[in-house]
>>> print(open('final.cif').read())   # mmCIF, C-alpha atoms (C1' of nucleotides)
data_model
loop_
_atom_site.label_atom_id
_atom_site.label_comp_id
_atom_site.auth_asym_id
_atom_site.auth_seq_id
_atom_site.Cartn_x
_atom_site.Cartn_y
_atom_site.Cartn_z
CA MET A 12 152.37 131.36 84.22
CA LYS A 13 152.26 127.68 83.37
CA VAL A 14 153.16 124.99 85.84
CA ASP A 15 153.00 121.38 84.75
CA GLY A 16 151.08 122.51 81.69
CA GLU A 17 148.30 123.98 83.82
CA TRP A 18 147.67 127.63 84.44
CA MET A 19 148.62 128.30 87.98
CA SER A 20 146.05 129.93 90.17
CA ILE A 21 147.10 133.44 91.01
CA ALA A 22 146.46 132.80 94.68
CA ASP A 23 148.92 129.91 94.72
CA THR A 24 151.89 132.14 95.48
CA ASP A 25 152.43 135.80 96.08
CA ARG A 26 152.42 137.60 92.75
CA ARG A 27 155.61 139.45 93.48
CA ASP A 28 157.45 136.20 94.08
CA GLN A 29 156.07 134.87 90.81
CA ILE A 30 157.39 137.91 88.98
CA VAL A 31 160.86 137.51 90.48
CA GLN A 32 160.93 133.81 89.64
CA VAL A 33 159.84 134.35 86.04
CA ALA A 34 162.40 137.14 85.73
CA GLY A 35 165.12 134.78 86.88
CA GLU A 36 164.13 132.13 84.36
CA LEU A 37 164.01 134.72 81.59
CA LEU A 38 167.40 136.15 82.52
CA GLU A 39 169.13 132.80 82.40
CA ARG A 40 167.35 131.68 79.24
CA GLU A 41 167.72 134.85 77.16
CA GLY A 42 170.51 136.79 78.79
CA PRO A 43 170.44 140.30 80.22
CA ALA A 44 169.08 141.84 77.01
CA GLY A 45 166.15 139.44 77.17
CA LEU A 46 165.21 140.50 80.67
CA THR A 47 162.54 143.08 79.80
CA MET A 48 159.44 144.16 81.65
CA ARG A 49 157.30 143.29 78.63
CA GLY A 50 158.94 139.89 78.39
CA ILE A 51 158.26 139.10 82.02
CA ALA A 52 154.66 140.25 81.69
CA ARG A 53 154.16 138.16 78.54
CA GLU A 54 155.43 135.11 80.37
CA LEU A 55 152.87 135.74 83.11
CA GLY A 56 150.04 136.40 80.68
CA ILE A 57 149.60 140.02 81.71
CA LYS A 58 150.71 143.43 80.40
CA ALA A 59 153.87 145.21 81.41
CA PRO A 60 152.31 148.14 83.30
CA SER A 61 150.58 145.70 85.65
CA LEU A 62 153.96 144.66 86.98
CA TYR A 63 154.27 148.07 88.62
CA LYS A 64 151.43 147.17 90.99
CA HIS A 65 153.91 144.77 92.62
CA ILE A 66 157.36 146.28 92.18
CA ALA A 67 158.62 149.85 92.08
CA ASP A 68 160.88 149.51 89.07
CA LYS A 69 163.16 147.18 87.17
CA ARG A 70 166.09 147.78 89.47
CA GLU A 71 164.12 146.55 92.48
CA LEU A 72 163.43 143.39 90.54
CA GLU A 73 167.12 142.95 89.75
CA VAL A 74 168.04 143.45 93.37
CA ALA A 75 165.53 140.76 94.34
CA LEU A 76 167.19 138.43 91.82
CA ILE A 77 170.58 139.25 93.31
CA ALA A 78 169.35 138.48 96.82
CA ASP A 79 167.95 135.15 95.67
CA GLY A 80 171.20 134.43 93.88
CA PHE A 81 173.37 134.92 96.93
CA ARG A 82 170.94 132.93 99.04
CA ASP A 83 171.16 130.06 96.58
CA LEU A 84 174.95 130.31 96.44
CA GLY A 85 175.08 130.08 100.22
CA ASP A 86 172.79 127.06 100.13
CA ALA A 87 175.08 125.45 97.56
CA PHE A 88 178.05 126.05 99.88
CA ASP A 89 176.10 124.44 102.73
CA ALA A 90 175.15 121.40 100.71
CA ALA A 91 178.67 120.89 99.38
CA LEU A 92 180.29 121.34 102.78
CA ALA A 93 177.93 118.75 104.24
CA GLU A 94 179.50 116.17 101.95
CA GLY A 95 182.85 116.66 103.65
CA GLY A 96 186.32 117.38 102.27
CA ASP A 97 188.69 120.31 102.57
CA PRO A 98 186.42 123.34 103.04
CA ILE A 99 188.52 125.64 100.88
CA ALA A 100 188.59 123.19 97.98
CA VAL A 101 184.89 122.42 98.35
CA ILE A 102 183.92 126.08 98.40
CA SER A 103 186.05 127.07 95.44
CA CYS A 104 184.76 124.19 93.32
CA THR A 105 181.20 124.99 94.30
CA TYR A 106 181.70 128.66 93.50
CA ARG A 107 182.94 127.96 90.01
CA ARG A 108 180.28 125.36 89.25
CA TRP A 109 177.52 127.61 90.54
CA ALA A 110 178.68 130.54 88.40
CA ARG A 111 178.92 128.41 85.28
CA GLU A 112 175.40 127.13 85.77
CA ARG A 113 173.90 130.66 86.09
CA PRO A 114 176.29 132.90 84.17
CA HIS A 115 173.87 135.74 83.58
CA LEU A 116 172.65 135.85 87.15
CA TYR A 117 176.25 135.68 88.33
CA ALA A 118 177.16 138.69 86.21
CA LEU A 119 174.14 140.62 87.45
CA MET A 120 175.01 139.81 91.07
CA ASN A 121 178.53 141.18 90.89
CA SER A 122 178.53 144.02 88.41
CA SER A 123 176.99 146.89 90.32
CA PRO A 124 176.90 148.33 93.81
CA LEU A 125 174.05 147.11 95.98
CA PRO A 126 171.58 149.45 97.66
CA GLN A 127 172.56 149.75 101.30
CA ASP A 128 169.39 148.50 102.96
CA ALA A 129 168.49 145.62 100.72
CA PRO A 130 168.11 142.03 101.87
CA ALA A 131 170.55 141.39 99.05
CA ILE A 132 173.25 142.66 101.38
CA ALA A 133 172.28 140.09 103.99
CA THR A 134 172.36 137.07 101.70
CA GLU A 135 175.61 138.24 100.16
CA GLN A 136 177.20 138.58 103.58
CA ARG A 137 175.99 135.13 104.57
CA ALA A 138 177.76 133.61 101.54
CA ARG A 139 180.87 135.63 102.28
CA ALA A 140 180.82 134.56 105.92
CA MET A 141 180.92 130.93 104.82
CA VAL A 142 184.02 131.62 102.78
CA LEU A 143 185.52 133.40 105.77
CA ALA A 144 184.85 130.36 107.94
CA ALA A 145 186.58 128.11 105.42
CA PHE A 146 189.61 130.34 105.82
CA SER A 147 189.45 129.95 109.62
CA GLY A 148 188.36 133.53 110.09
CA ASP A 149 191.32 135.07 108.28
CA HIS A 150 189.63 138.07 106.67
CA GLU A 151 192.53 138.99 104.44
CA ARG A 152 193.09 135.61 102.88
CA ALA A 153 189.33 135.06 102.55
CA ARG A 154 188.92 138.36 100.72
CA ALA A 155 191.90 137.69 98.48
CA ALA A 156 190.60 134.24 97.61
CA TRP A 157 187.12 135.61 96.95
CA ALA A 158 188.59 138.19 94.60
CA PHE A 159 190.66 135.53 92.86
CA ALA A 160 187.61 133.30 92.41
CA HIS A 161 185.53 136.20 91.14
CA GLY A 162 188.20 137.21 88.67
CA MET A 163 188.61 133.67 87.41
CA VAL A 164 184.88 133.24 86.89
CA THR A 165 184.32 136.54 85.09
CA LEU A 166 187.31 136.04 82.83
CA GLU A 167 186.15 132.52 82.03
CA LEU A 168 182.59 133.67 81.33
CA ALA A 169 183.89 136.54 79.17
CA ASP A 170 185.97 134.01 77.23
CA ARG A 171 189.19 135.77 78.11
CA PHE A 172 191.45 132.77 78.60
CA PRO A 173 193.42 131.41 75.67
CA GLN A 174 192.02 128.31 74.01
CA ASP A 175 194.83 126.15 75.37
CA ALA A 176 194.74 127.47 78.94
CA ASP A 177 194.16 124.83 81.61
CA ILE A 178 191.67 126.80 83.66
CA GLY A 179 191.28 124.08 86.24
CA ARG A 180 195.01 124.16 86.85
CA THR A 181 195.04 127.92 87.27
CA TRP A 182 192.27 127.53 89.83
CA SER A 183 194.31 124.99 91.74
CA ILE A 184 197.35 127.21 91.79
CA GLY A 185 195.38 130.20 92.95
CA ILE A 186 193.52 128.38 95.66
CA ALA A 187 196.73 126.72 96.85
CA ALA A 188 198.35 130.13 97.06
CA PHE A 189 195.70 131.31 99.49
CA ALA A 190 195.06 128.08 101.37
CA HIS A 191 198.24 128.34 103.44
CA GLU A 192 199.77 131.06 105.55
CA PRO A 193 201.15 133.85 103.40
CA ASN A 194 204.86 134.58 103.05
CA SER A 195 204.44 137.68 105.20
CA PRO A 196 203.92 140.41 102.60
CA LYS A 197 205.51 143.68 103.61
CA GLY A 198 203.03 146.48 104.34
CA SER A 199 200.06 147.67 102.30
CA MET A 200 199.72 148.92 98.75
CA GLN A 201 198.68 152.54 98.58
CA MET B 5 183.32 169.04 68.69
CA LYS B 6 184.93 171.84 70.61
CA VAL B 7 188.65 172.00 71.28
CA ASP B 8 190.03 174.91 73.27
CA GLY B 9 186.69 176.64 72.83
CA GLU B 10 187.05 176.57 69.06
CA TRP B 11 185.14 174.35 66.69
CA MET B 12 187.60 171.85 65.38
CA SER B 13 187.89 171.52 61.65
CA ILE B 14 186.50 168.23 60.50
CA ALA B 15 189.62 167.61 58.47
CA ASP B 16 191.84 167.88 61.53
CA THR B 17 191.42 164.22 62.39
CA ASP B 18 189.66 161.26 60.88
CA ARG B 19 185.99 161.47 61.75
CA ARG B 20 185.86 157.87 62.98
CA ASP B 21 188.65 158.58 65.44
CA GLN B 22 186.78 161.64 66.64
CA ILE B 23 183.68 159.56 67.23
CA VAL B 24 185.59 157.00 69.24
CA GLN B 25 187.29 159.69 71.29
CA VAL B 26 184.05 161.50 72.07
CA ALA B 27 182.44 158.18 72.95
CA GLY B 28 185.23 157.49 75.41
CA GLU B 29 184.84 160.86 77.08
CA LEU B 30 181.09 160.41 77.28
CA LEU B 31 181.42 156.91 78.74
CA GLU B 32 183.71 158.03 81.52
CA ARG B 33 181.74 161.18 82.25
CA GLU B 34 178.21 159.75 82.25
CA GLY B 35 178.65 156.02 82.70
CA PRO B 36 177.51 153.22 80.40
CA ALA B 37 173.88 154.42 80.36
CA GLY B 38 175.08 157.79 79.10
CA LEU B 39 176.92 156.28 76.17
CA THR B 40 174.25 156.68 73.50
CA MET B 41 174.48 157.21 69.79
CA ARG B 42 172.38 160.35 70.07
CA GLY B 43 174.59 161.63 72.86
CA ILE B 44 177.74 161.11 70.87
CA ALA B 45 176.21 162.80 67.86
CA ARG B 46 175.05 165.76 69.95
CA GLU B 47 178.57 166.18 71.29
CA LEU B 48 179.86 166.29 67.71
CA GLY B 49 177.16 168.69 66.54
CA ILE B 50 175.60 166.19 64.15
CA LYS B 51 172.63 163.82 64.19
CA ALA B 52 172.76 160.21 65.30
CA PRO B 53 172.12 158.54 61.91
CA SER B 54 175.16 160.30 60.47
CA LEU B 55 177.36 158.24 62.77
CA TYR B 56 176.52 155.19 60.71
CA LYS B 57 178.47 156.63 57.79
CA HIS B 58 181.60 155.91 59.85
CA ILE B 59 180.81 152.89 62.00
CA ALA B 60 178.67 149.81 61.49
CA ASP B 61 176.94 149.80 64.85
CA LYS B 62 177.31 150.63 68.51
CA ARG B 63 179.12 147.41 69.30
CA GLU B 64 181.89 148.22 66.81
CA LEU B 65 182.31 151.52 68.63
CA GLU B 66 182.54 149.75 71.96
CA VAL B 67 185.12 147.34 70.61
CA ALA B 68 187.16 150.29 69.38
CA LEU B 69 186.99 151.76 72.89
CA ILE B 70 188.12 148.43 74.32
CA ALA B 71 191.06 148.27 71.95
CA ASP B 72 192.11 151.79 72.89
CA GLY B 73 191.71 150.90 76.54
CA PHE B 74 194.02 147.92 76.40
CA ARG B 75 196.52 149.90 74.35
CA ASP B 76 196.53 152.61 76.96
CA LEU B 77 196.84 150.08 79.77
CA GLY B 78 199.86 148.57 78.05
CA ASP B 79 201.38 152.02 77.65
CA ALA B 80 200.82 152.64 81.36
CA PHE B 81 202.64 149.39 82.14
CA ASP B 82 205.51 150.49 79.91
CA ALA B 83 205.79 153.89 81.51
CA ALA B 84 205.66 152.51 85.03
CA LEU B 85 208.19 149.76 84.32
CA ALA B 86 210.58 152.33 82.89
CA GLU B 87 210.75 153.93 86.34
CA GLY B 88 212.21 150.75 87.77
CA GLY B 89 211.24 148.63 90.77
CA ASP B 90 209.96 145.09 91.15
CA PRO B 91 208.03 144.43 87.93
CA ILE B 92 205.24 142.49 89.64
CA ALA B 93 204.62 145.23 92.20
CA VAL B 94 204.84 147.95 89.57
CA ILE B 95 202.39 146.19 87.27
CA SER B 96 199.85 145.43 89.96
CA CYS B 97 199.90 149.00 91.29
CA THR B 98 199.58 150.36 87.78
CA TYR B 99 196.72 148.01 87.02
CA ARG B 100 194.72 149.12 90.03
CA ARG B 101 195.40 152.82 89.50
CA TRP B 102 194.51 152.61 85.83
CA ALA B 103 191.21 150.87 86.55
CA ARG B 104 190.23 153.38 89.21
CA GLU B 105 190.88 156.26 86.86
CA ARG B 106 188.64 154.81 84.10
CA PRO B 107 186.13 152.64 85.93
CA HIS B 108 183.49 152.58 83.20
CA LEU B 109 185.94 151.83 80.43
CA TYR B 110 187.48 149.14 82.60
CA ALA B 111 184.09 147.50 83.10
CA LEU B 112 183.35 147.69 79.40
CA MET B 113 186.71 146.14 78.54
CA ASN B 114 186.24 143.09 80.70
CA SER B 115 182.56 142.29 80.77
CA SER B 116 181.92 140.64 77.44
CA PRO B 117 183.62 138.32 74.99
CA LEU B 118 185.63 140.04 72.26
CA PRO B 119 185.04 139.41 68.55
CA GLN B 120 187.77 137.08 67.34
CA ASP B 121 189.33 139.22 64.61
CA ALA B 122 189.31 142.60 66.29
CA PRO B 123 192.41 144.67 66.92
CA ALA B 124 191.06 144.69 70.49
CA ILE B 125 192.43 141.16 70.78
CA ALA B 126 195.89 142.37 69.81
CA THR B 127 196.11 145.21 72.30
CA GLU B 128 194.68 143.00 75.02
CA GLN B 129 197.30 140.35 74.33
CA ARG B 130 200.05 142.92 74.39
CA ALA B 131 199.01 144.02 77.89
CA ARG B 132 198.74 140.41 78.99
CA ALA B 133 202.17 139.63 77.55
CA MET B 134 203.67 142.34 79.71
CA VAL B 135 202.17 140.76 82.80
CA LEU B 136 203.50 137.40 81.65
CA ALA B 137 206.97 138.88 81.32
CA ALA B 138 206.77 140.27 84.85
CA PHE B 139 206.12 136.70 85.97
CA SER B 140 209.19 135.47 84.08
CA GLY B 141 207.09 133.66 81.51
CA ASP B 142 205.18 131.53 84.01
CA HIS B 143 201.78 131.37 82.30
CA GLU B 144 199.97 129.83 85.22
CA ARG B 145 201.05 132.31 87.86
CA ALA B 146 200.58 135.21 85.47
CA ARG B 147 197.04 134.12 84.68
CA ALA B 148 196.21 133.56 88.33
CA ALA B 149 197.58 136.98 89.27
CA TRP B 150 195.67 138.62 86.41
CA ALA B 151 192.47 137.00 87.62
CA PHE B 152 193.17 138.11 91.17
CA ALA B 153 193.81 141.67 90.06
CA HIS B 154 190.70 141.69 87.91
CA GLY B 155 188.58 140.35 90.77
CA MET B 156 189.98 142.89 93.20
CA VAL B 157 189.28 145.77 90.84
CA THR B 158 185.74 144.77 89.95
CA LEU B 159 184.82 144.12 93.58
CA GLU B 160 186.28 147.46 94.57
CA LEU B 161 184.48 149.29 91.77
CA ALA B 162 181.22 147.52 92.65
CA ASP B 163 181.70 148.63 96.25
CA ARG B 164 181.73 145.07 97.49
CA PHE B 165 184.37 145.35 100.19
CA PRO B 166 183.35 146.18 103.75
CA GLN B 167 183.88 149.78 104.82
CA ASP B 168 186.71 148.80 107.15
CA ALA B 169 188.52 146.51 104.72
CA ASP B 170 192.14 147.45 104.03
CA ILE B 171 192.04 146.92 100.30
CA GLY B 172 195.68 147.82 99.83
CA ARG B 173 196.65 145.12 102.28
CA THR B 174 194.55 142.52 100.51
CA TRP B 175 196.31 143.48 97.29
CA SER B 176 199.69 142.99 98.90
CA ILE B 177 198.74 139.58 100.23
CA GLY B 178 197.39 138.45 96.90
CA ILE B 179 200.32 139.67 94.89
CA ALA B 180 202.76 138.17 97.37
CA ALA B 181 200.96 134.86 97.06
CA PHE B 182 201.66 134.79 93.33
CA ALA B 183 205.03 136.49 93.27
CA HIS B 184 206.92 133.43 94.46
CA GLU B 185 207.03 129.82 93.38
CA PRO B 186 203.81 128.04 94.29
CA ASN B 187 203.60 125.34 96.96
CA SER B 188 203.17 122.72 94.23
CA PRO B 189 199.38 122.36 94.08
CA LYS B 190 198.29 118.82 93.34
CA GLY B 191 196.68 118.37 89.93
CA SER B 192 193.88 120.36 88.28
CA MET B 193 190.37 121.25 89.32
CA GLN B 194 187.76 119.69 87.11
"C1'" DT C 28 121.71 143.88 101.44
"C1'" DA C 29 123.79 148.12 99.65
"C1'" DT C 30 127.96 150.63 99.57
"C1'" DC C 31 132.66 151.50 99.64
"C1'" DG C 32 137.66 150.71 99.35
"C1'" DT C 33 141.17 148.30 97.40
"C1'" DG C 34 143.91 145.06 94.72
"C1'" DG C 35 145.16 144.14 90.33
"C1'" DG C 36 144.21 144.09 85.89
"C1'" DC C 37 143.78 147.15 81.39
"C1'" DT C 38 144.80 150.86 77.39
"C1'" DA C 39 147.08 154.89 75.79
"C1'" DA C 40 150.83 157.37 75.83
"C1'" DC C 41 155.64 159.49 76.49
"C1'" DA C 42 160.46 159.98 75.99
"C1'" DG C 43 164.42 157.78 74.74
"C1'" DC C 44 166.98 153.92 72.56
"C1'" DG C 45 169.58 151.69 68.16
"C1'" DT C 46 168.99 151.53 63.51
"C1'" DT C 47 167.40 151.91 58.42
"C1'" DA C 48 165.79 154.17 54.19
"C1'" DG C 49 166.01 157.64 51.29
"C1'" DC C 50 167.26 162.31 50.03
"C1'" DC C 51 170.60 165.92 48.96
"C1'" DA C 52 174.57 169.37 49.11
"C1'" DG C 53 179.30 169.90 48.20
"C1'" DC C 54 183.59 168.30 46.53
"C1'" DC C 55 187.16 165.87 43.46
"C1'" DC C 56 188.29 163.98 39.08
"C1'" DC C 57 187.91 163.15 34.24
"C1'" DG D 19 180.64 170.62 33.04
"C1'" DG D 20 179.07 166.08 34.53
"C1'" DG D 21 179.60 161.73 37.64
"C1'" DG D 22 180.41 159.68 41.66
"C1'" DC D 23 181.62 159.74 46.38
"C1'" DT D 24 181.46 161.66 51.17
"C1'" DG D 25 178.90 162.93 54.81
"C1'" DG D 26 175.42 165.34 56.27
"C1'" DC D 27 169.99 165.43 56.87
"C1'" DT D 28 164.76 163.97 58.05
"C1'" DA D 29 161.34 160.53 58.83
"C1'" DA D 30 160.35 156.49 60.60
"C1'" DC D 31 160.29 151.69 62.84
"C1'" DG D 32 160.22 148.74 66.69
"C1'" DC D 33 161.95 148.37 70.92
"C1'" DT D 34 162.71 149.97 76.01
"C1'" DG D 35 161.10 151.54 81.00
"C1'" DT D 36 157.54 154.00 82.94
"C1'" DT D 37 153.24 156.95 84.11
"C1'" DA D 38 148.36 158.28 84.09
"C1'" DG D 39 143.97 157.06 84.31
"C1'" DC D 40 140.22 153.81 83.90
"C1'" DC D 41 137.60 149.78 85.51
"C1'" DC D 42 136.13 145.37 87.29
"C1'" DA D 43 135.78 142.05 91.02
"C1'" DC D 44 135.94 141.09 95.65
"C1'" DG D 45 135.77 141.53 100.72
"C1'" DA D 46 134.43 144.19 104.56
"C1'" DT D 47 131.31 147.13 106.67
"C1'" DA D 48 127.13 149.78 107.84
#
>>> encode(input="final.cif", output="structure tokens")
Amino acid sequence: MKVDGEWMSIADTDRRDQIVQVAGELLEREGPAGLTMRGIARELGIKAPSLYKHIADKRELEVALIADGFRDLGDAFDAALAEGGDPIAVISCTYRRWARERPHLYALMNSSPLPQDAPAIATEQRARAMVLAAFSGDHERARAAWAFAHGMVTLELADRFPQDADIGRTWSIGIAAFAHEPNSPKGSMQ
Amino acid sequence: MKVDGEWMSIADTDRRDQIVQVAGELLEREGPAGLTMRGIARELGIKAPSLYKHIADKRELEVALIADGFRDLGDAFDAALAEGGDPIAVISCTYRRWARERPHLYALMNSSPLPQDAPAIATEQRARAMVLAAFSGDHERARAAWAFAHGMVTLELADRFPQDADIGRTWSIGIAAFAHEPNSPKGSMQ
DNA sequence: TATCGTGGGCTAACAGCGTTAGCCAGCCCC
DNA sequence: GGGGCTGGCTAACGCTGTTAGCCCACGATA
């Protein structure tokens, strides 16, 4: 692994962390199909089987990427909130920007169930808790807004909006719809 | 391919249609990892390379599945609307039920950009047009509601809601938020 | 100082993947 | 009856994740 044009000493960081970091770079640069064990190994100057001295399998690596992703998303929320402004607006803007900057990681993070015991669960819940706080602890509206934001991002990344759609405007409408008290919906869908 | 325990005559249906149908069954039964060219061929009693006499590649097959999926979703909207009731409620309930019945096809349909010229575009637009009609032609609210529904479904399928979350209630709140005129959001997100 | 365990590389290999090339049997049409 | 098309086939290529087994260097220990 090269850092500043120099080969990094192996002892500099834990090898497992190196692997996860390289995997993340590879994923964002080449997309999910480019995230291969041989590719990661090549980037590190070793052979693929050696990776298994540090991780159990590819899925464990993906879960580590997911955990890092949610941690970083939470940090982005923190940083943006520190600048002030309406928390709901700040969080929704940050969410969209974050997803557009790391589309492949975003897709990986949200496309499959997480193993129950993983630290990925913890970092995901931290990010979700920040959204909940922005909605003053209203679980229902926070969940609905999260789902809206997630749907908007995935549809945008999958190029599913018409050319002439004003995506920013749709965001505003959606967020506005959840930012205030609901019009007392009757009951629960089955 | 067996039908009612009897080997179906090849002439009974177009071979390409057979391939697509078998692929759809395989996808839903075994998940995306089980959707392999060799698996499809095995199911049909032929060898994998023979499939390429009928389709160009695996992606074309997936796009055919996507087109069928959106067609079927539109049909489900039609059938449900014919029973009467508030169109927005009917469509949202149908959407959720449909997705839960074909989770793998649903994920396939919505996880990647579609080729521009495919008939998949047409069937997708038909389904979207029906949602638009339910929202009385209000593009913005229809799009926002579609995104909300899509987010809800993918989060539910990825098991991302807490055990104790009342998903039906969150649906109701979200749909209610979009069913009425918005509280005039100011401007557009960048 | 000699030995031993271990961490972390390596090669070879396996099964499965999508896909291509090239061959060939059977059928329809002139 | 011969020609071309349809739709099978086998063999093979390069890729994937992963396992088995080997080995070297290093740090601790007797």
>>> interface_residues(input="final.cif", of="chain A", to="chain D", cutoff="10 Å", atoms="only C-alpha atoms (C1' of nucleotides)", output="list in words")
Thr47, Met48, Arg49, Ala59, Pro60, Tyr63, Asp68 and Lys69 of chain A
>>> interface_residues(input="final.cif", of="chain C", to="chain B", cutoff="9 Å", atoms="only C-alpha atoms (C1' of nucleotides)", output="PyMOL selection string")
chain C and resi 44-47
>>> resolve_selection(input="final.cif", expression="the PyMOL selection byres ((chain A) within 9 of (chain B))", output="ChimeraX atom specification")
/A:104,118,121-125,150-152,154-166,168-172,176-189,191,193-201
>>> residues_around(input="final.cif", residues="A:Ala138", least_positions_apart="5", cutoff="12 Å", atoms="all atoms listed in the file", output="list in words")
Ala78, Asp79, Gly80, Phe81, Arg82, Asp83, Leu84, Gly85, Asp86, Ala87, Phe88, Asp89, Ile102, Thr105, Tyr106, Ala131, Ile132, Ala133, Leu143, Ala144, Ala145, Ala153 and Trp157 of chain A
>>> write_last_selection(input="final.cif", atoms="C-alpha atoms", output="PDB file, in the coordinates of the input")
ATOM      1  CA  ALA A  78     169.350 138.480  96.820  1.00  0.00           C
ATOM      2  CA  ASP A  79     167.950 135.150  95.670  1.00  0.00           C
ATOM      3  CA  GLY A  80     171.200 134.430  93.880  1.00  0.00           C
ATOM      4  CA  PHE A  81     173.370 134.920  96.930  1.00  0.00           C
ATOM      5  CA  ARG A  82     170.940 132.930  99.040  1.00  0.00           C
ATOM      6  CA  ASP A  83     171.160 130.060  96.580  1.00  0.00           C
ATOM      7  CA  LEU A  84     174.950 130.310  96.440  1.00  0.00           C
ATOM      8  CA  GLY A  85     175.080 130.080 100.220  1.00  0.00           C
ATOM      9  CA  ASP A  86     172.790 127.060 100.130  1.00  0.00           C
ATOM     10  CA  ALA A  87     175.080 125.450  97.560  1.00  0.00           C
ATOM     11  CA  PHE A  88     178.050 126.050  99.880  1.00  0.00           C
ATOM     12  CA  ASP A  89     176.100 124.440 102.730  1.00  0.00           C
ATOM     13  CA  ILE A 102     183.920 126.080  98.400  1.00  0.00           C
ATOM     14  CA  THR A 105     181.200 124.990  94.300  1.00  0.00           C
ATOM     15  CA  TYR A 106     181.700 128.660  93.500  1.00  0.00           C
ATOM     16  CA  ALA A 131     170.550 141.390  99.050  1.00  0.00           C
ATOM     17  CA  ILE A 132     173.250 142.660 101.380  1.00  0.00           C
ATOM     18  CA  ALA A 133     172.280 140.090 103.990  1.00  0.00           C
ATOM     19  CA  LEU A 143     185.520 133.400 105.770  1.00  0.00           C
ATOM     20  CA  ALA A 144     184.850 130.360 107.940  1.00  0.00           C
ATOM     21  CA  ALA A 145     186.580 128.110 105.420  1.00  0.00           C
ATOM     22  CA  ALA A 153     189.330 135.060 102.550  1.00  0.00           C
ATOM     23  CA  TRP A 157     187.120 135.610  96.950  1.00  0.00           C
TER      24      TRP A 157
END
>>> closest_residue(input="final.cif", among="B:Ile92, B:Val67, B:Ile23, B:Leu30", to="B:His108", atoms="all atoms listed in the file")
B:Leu30
>>> closest_residue(input="final.cif", among="A:Val31, A:Tyr117, A:Arg26, A:Gln174", to="A:Arg70", atoms="only C-alpha atoms")
A:Val31
>>> atom_distance(input="final.cif", atom1="atom CA of B:Trp102", atom2="atom CA of B:Ala86")
16.3 Å
>>> atom_distance(input="final.cif", atom1="atom CA of A:Leu72", atom2="atom CA of A:Ala34")
8.0 Å
>>> atom_distance(input="final.cif", atom1="atom C1' of C:DG36", atom2="atom CA of A:Gly50")
17.1 Å
>>> build_atoms(input="final.cif", residues="stretch 61-72 of chain B", atoms="N, CA and C atoms", output="CSV table (one decimal), in the frame of the given file")
chain,number,residue,atom,x,y,z
B,61,ASP,N,177.9,149.8,63.8
B,61,ASP,CA,176.9,149.8,64.8
B,61,ASP,C,177.6,150.1,66.2
B,62,LYS,N,176.8,150.2,67.2
B,62,LYS,CA,177.3,150.6,68.5
B,62,LYS,C,178.4,149.7,69.1
B,63,ARG,N,178.2,148.4,68.8
B,63,ARG,CA,179.1,147.4,69.3
B,63,ARG,C,180.5,147.6,68.7
B,64,GLU,N,180.6,148.0,67.4
B,64,GLU,CA,181.9,148.2,66.8
B,64,GLU,C,182.6,149.4,67.5
B,65,LEU,N,181.8,150.4,67.9
B,65,LEU,CA,182.3,151.5,68.6
B,65,LEU,C,182.8,151.1,70.0
B,66,GLU,N,182.1,150.2,70.7
B,66,GLU,CA,182.5,149.8,72.0
B,66,GLU,C,183.8,149.0,71.8
B,67,VAL,N,183.9,148.1,70.8
B,67,VAL,CA,185.1,147.3,70.6
B,67,VAL,C,186.3,148.2,70.3
B,68,ALA,N,186.1,149.3,69.6
B,68,ALA,CA,187.2,150.3,69.4
B,68,ALA,C,187.6,150.9,70.7
B,69,LEU,N,186.7,151.2,71.6
B,69,LEU,CA,187.0,151.8,72.9
B,69,LEU,C,187.8,150.7,73.7
B,70,ILE,N,187.4,149.5,73.6
B,70,ILE,CA,188.1,148.4,74.3
B,70,ILE,C,189.6,148.3,73.8
B,71,ALA,N,189.7,148.4,72.5
B,71,ALA,CA,191.1,148.3,72.0
B,71,ALA,C,191.9,149.4,72.4
B,72,ASP,N,191.4,150.6,72.4
B,72,ASP,CA,192.1,151.8,72.9
B,72,ASP,C,192.5,151.6,74.4
